[in-house]
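Asker: Here it is, the structure in full.
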Amino acid sequence: MKLRVKFRKYGPVRFIGHLDVMRFFQKAIRRAEIDIAYSSGFSPHQIMSFAAPLGVGLESNGEYMDIEVHSIISCNDVVERLNKASVPGIEVISAVILPDDAGNAMASVAAASYTVTFREGRMPKVDFAVELPKFIAQEEILITKETKRGTREVNLKQGIYELNYEDGIFTMLVDASSAGNIKPIQIIGALVEYCGETLQENALLVTREEVYTNIGTEDAPKYVSLEEIGHE
């Protein structure tokens with residue numbers, strides 16, 4: 001059966017890259033004695049996939065990993081076993097059984113929600129409560145994005161589904177699909193530049209709150225968290 005595991009990543013562990021997080025879970029699953037399935041062939045490996053990899057330095061309350069297992073006692077037992085085998089900075093929140101027709105975590109990602117604040121002393125002198133509505137009202141929000149083939153202009157407007165500001169905190173829901181994949185720093189950088197300021201290096205504290213899939217249509221999207229696809 002397929003399991004979808006939701007976990008948090010916080011504290012100093014936020015500086016650990018995606019490949020190291022994957023290696024950690026491979027070892028944690030063995031220590032937890034989860035009855036995981038392995039691929040066939042000369043070099044068997046645990047059948048495991050992750051949703052959209054988290055950038056280094058970002059915290060998250062909603063990361064996802066799909067695994068295949070031969071058997072489990074219960075979803076709660078999987079959570080307890082993994083947490084006992086875990087380390088400070090990685091906390092397993094839930095585990096659900098996926099239906100047979102569920103897509104894998106990475107292919108299912110359509111959107112993500114974030115909370116963004118400025119580090120102390122690095123917030124520009126801008127009244128964001130006044131400027132944000134004018135920023136969002138633009139027909140286009142263009143930025144220059146660097147790629148392996150050079151630079152290209154990207155319109156962020158179509159990928160910003162929600163963007164709010166209150167008491168020094170930005171909350172946003174943005175496109176996180178493989179085709180779009182908008183990063184919060186791109187949005188805040190464009191906003192600060194729109195206000196005539198420059199975003200300082202390492203000025204933002206970013207937390208990914210949740211990752212969503214679209215169970216509606218492209219014209220009428222309906223976003224639900226990845227864990228809502230499964231059941232306990």
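Here's how to read the names in the structure tokens: chain A, B, ... by the order shown, residue numbers from 1 in each chain, ligand numbers from 1 in the order shown.
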Among the residues of region 152-200 of chain A, find those DSSP assigns to alpha helix (DSSP H) from the backbone and print them as number ranges by chain.
Answerer: A: 184-194
Asker: Filtering to N, CA, C and O atoms, could you give me those residues as a CSV table (one decimal), in the first residue's frame?
Answerer:
```csv
chain,number,residue,atom,x,y,z
A,184,PRO,N,8.5,32.8,-2.8
A,184,PRO,CA,8.1,34.0,-2.0
A,184,PRO,C,9.1,35.1,-2.1
A,184,PRO,O,8.7,36.3,-2.2
A,185,ILE,N,10.4,34.8,-2.2
A,185,ILE,CA,11.4,35.9,-2.3
A,185,ILE,C,11.2,36.7,-3.6
A,185,ILE,O,11.5,37.9,-3.6
A,186,GLN,N,10.8,36.0,-4.6
A,186,GLN,CA,10.5,36.7,-5.9
A,186,GLN,C,9.4,37.7,-5.7
A,186,GLN,O,9.5,38.9,-6.3
A,187,ILE,N,8.3,37.3,-5.0
A,187,ILE,CA,7.2,38.2,-4.9
A,187,ILE,C,7.6,39.4,-4.0
A,187,ILE,O,7.3,40.6,-4.3
A,188,ILE,N,8.2,39.1,-2.8
A,188,ILE,CA,8.5,40.2,-1.9
A,188,ILE,C,9.6,41.1,-2.5
A,188,ILE,O,9.5,42.4,-2.4
A,189,GLY,N,10.5,40.5,-3.3
A,189,GLY,CA,11.5,41.4,-4.0
A,189,GLY,C,10.9,42.3,-5.0
A,189,GLY,O,11.3,43.5,-5.1
A,190,ALA,N,9.9,41.8,-5.7
A,190,ALA,CA,9.2,42.6,-6.7
A,190,ALA,C,8.4,43.7,-6.0
A,190,ALA,O,8.3,44.9,-6.5
A,191,LEU,N,7.8,43.4,-4.9
A,191,LEU,CA,7.0,44.4,-4.1
A,191,LEU,C,7.9,45.5,-3.6
A,191,LEU,O,7.6,46.7,-3.7
A,192,VAL,N,9.0,45.1,-3.0
A,192,VAL,CA,9.9,46.1,-2.4
A,192,VAL,C,10.5,47.0,-3.5
A,192,VAL,O,10.6,48.2,-3.4
A,193,GLU,N,10.8,46.4,-4.7
A,193,GLU,CA,11.3,47.2,-5.8
A,193,GLU,C,10.2,48.1,-6.4
A,193,GLU,O,10.5,49.3,-6.7
A,194,TYR,N,9.0,47.7,-6.4
A,194,TYR,CA,7.8,48.5,-6.8
A,194,TYR,C,7.7,49.7,-5.9
A,194,TYR,O,7.3,50.8,-6.3
```
Asker: Excluding Pro12 (chain A) and any residue of its chain fewer than 4 positions from it, enumerate the residues within 12 Å of it, using only C-alpha atoms, and give them as a list in words.
Answerer: Ile16, Gly17, Val56, Gly57, Leu58, Glu59, Val87, Pro88, Gly89 and Ile90 of chain A
Asker: Could you pull the residues within 12 Å of Lys222 (chain A), counting only C-alpha atoms, minus those fewer than 3 positions along the same chain, as number ranges by chain?
Answerer: A: 110-111, 161, 212-219, 225
Asker: Near Lys157 (chain A), within 9 Å and counting only C-alpha atoms, which residues show up once chain neighbours fewer than 5 positions away are dropped, as an MDAnalysis selection string?
Answerer: chainID A and resid 136 138:142
Asker: Could you save the residues just selected, with C-alpha atoms, as a PDB file, in the first residue's frame?
Answerer:
```pdb
ATOM      1  CA  ILE A 136      -1.536  43.484  -6.727  1.00  0.00           C
ATOM      2  CA  GLN A 138      -1.120  45.799 -11.658  1.00  0.00           C
ATOM      3  CA  GLU A 139      -1.968  43.954 -14.854  1.00  0.00           C
ATOM      4  CA  GLU A 140       1.491  42.379 -14.860  1.00  0.00           C
ATOM      5  CA  ILE A 141       4.165  41.786 -12.211  1.00  0.00           C
ATOM      6  CA  LEU A 142       7.309  41.226 -14.229  1.00  0.00           C
TER       7      LEU A 142
END
```
Asker: Could you give me, as number ranges by chain, the residues within 9 Å of Ser60 (chain A), counting only C-alpha atoms and dropping anything in the same chain fewer than 2 positions from it?
Answerer: A: 7-10, 14, 54, 58, 62-63, 114, 206-210
Asker: What's around Asp100 (chain A) at 12 Å? Count only C-alpha atoms, leave out sequence neighbours fewer than 4 positions away in its own chain, and write the answer as a PyMOL selection string.
Answerer: chain A and resi 1-3+68+104+229-231
Asker: Just to confirm, what's the straight-line distance from CA of Ser113 (chain A) to CA of Asn76 (chain A) in Å (one decimal)?
Answerer: 25.8 Å
Asker: I'd like to know which of A:Phe50, A:Ile97, A:Met106, A:Thr115 is closest to Val69 (chain A), using only C-alpha atoms.
Answerer: A:Ile97
Asker: Please provide as number ranges by chain all residues within 6 Å of Leu205 (chain A), with the sequence filter that same-chain residues fewer than 3 positions apart are discarded (counting only C-alpha atoms).
Answerer: A: 116-118
Asker: Let me see the file: selected residues, N, CA, C and O atoms, as a PDB file, in the first residue's frame.
Answerer:
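For reference, out-v7.pdb as written:
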```
ATOM      1  N   VAL A 116       5.692  34.866   5.544  1.00  0.00           N
ATOM      2  CA  VAL A 116       6.966  35.556   5.325  1.00  0.00           C
ATOM      3  C   VAL A 116       7.055  36.771   6.245  1.00  0.00           C
ATOM      4  O   VAL A 116       6.107  37.561   6.327  1.00  0.00           O
ATOM      5  N   THR A 117       8.174  36.912   6.932  1.00  0.00           N
ATOM      6  CA  THR A 117       8.445  38.099   7.744  1.00  0.00           C
ATOM      7  C   THR A 117       9.855  38.594   7.442  1.00  0.00           C
ATOM      8  O   THR A 117      10.665  37.877   6.849  1.00  0.00           O
ATOM      9  N   PHE A 118      10.135  39.818   7.859  1.00  0.00           N
ATOM     10  CA  PHE A 118      11.482  40.373   7.715  1.00  0.00           C
ATOM     11  C   PHE A 118      12.290  40.111   8.982  1.00  0.00           C
ATOM     12  O   PHE A 118      11.752  40.156  10.097  1.00  0.00           O
TER      13      PHE A 118
END
```
Asker: Between CA of Cys195 (chain A) and CA of Ala179 (chain A), what is the distance in Å, rounded to a tenth?
Answerer: 28.4 Å
Asker: How many Å lie between CA of Ser177 (chain A) and CA of Val109 (chain A), rounded to one decimal?
Answerer: 5.5 Å
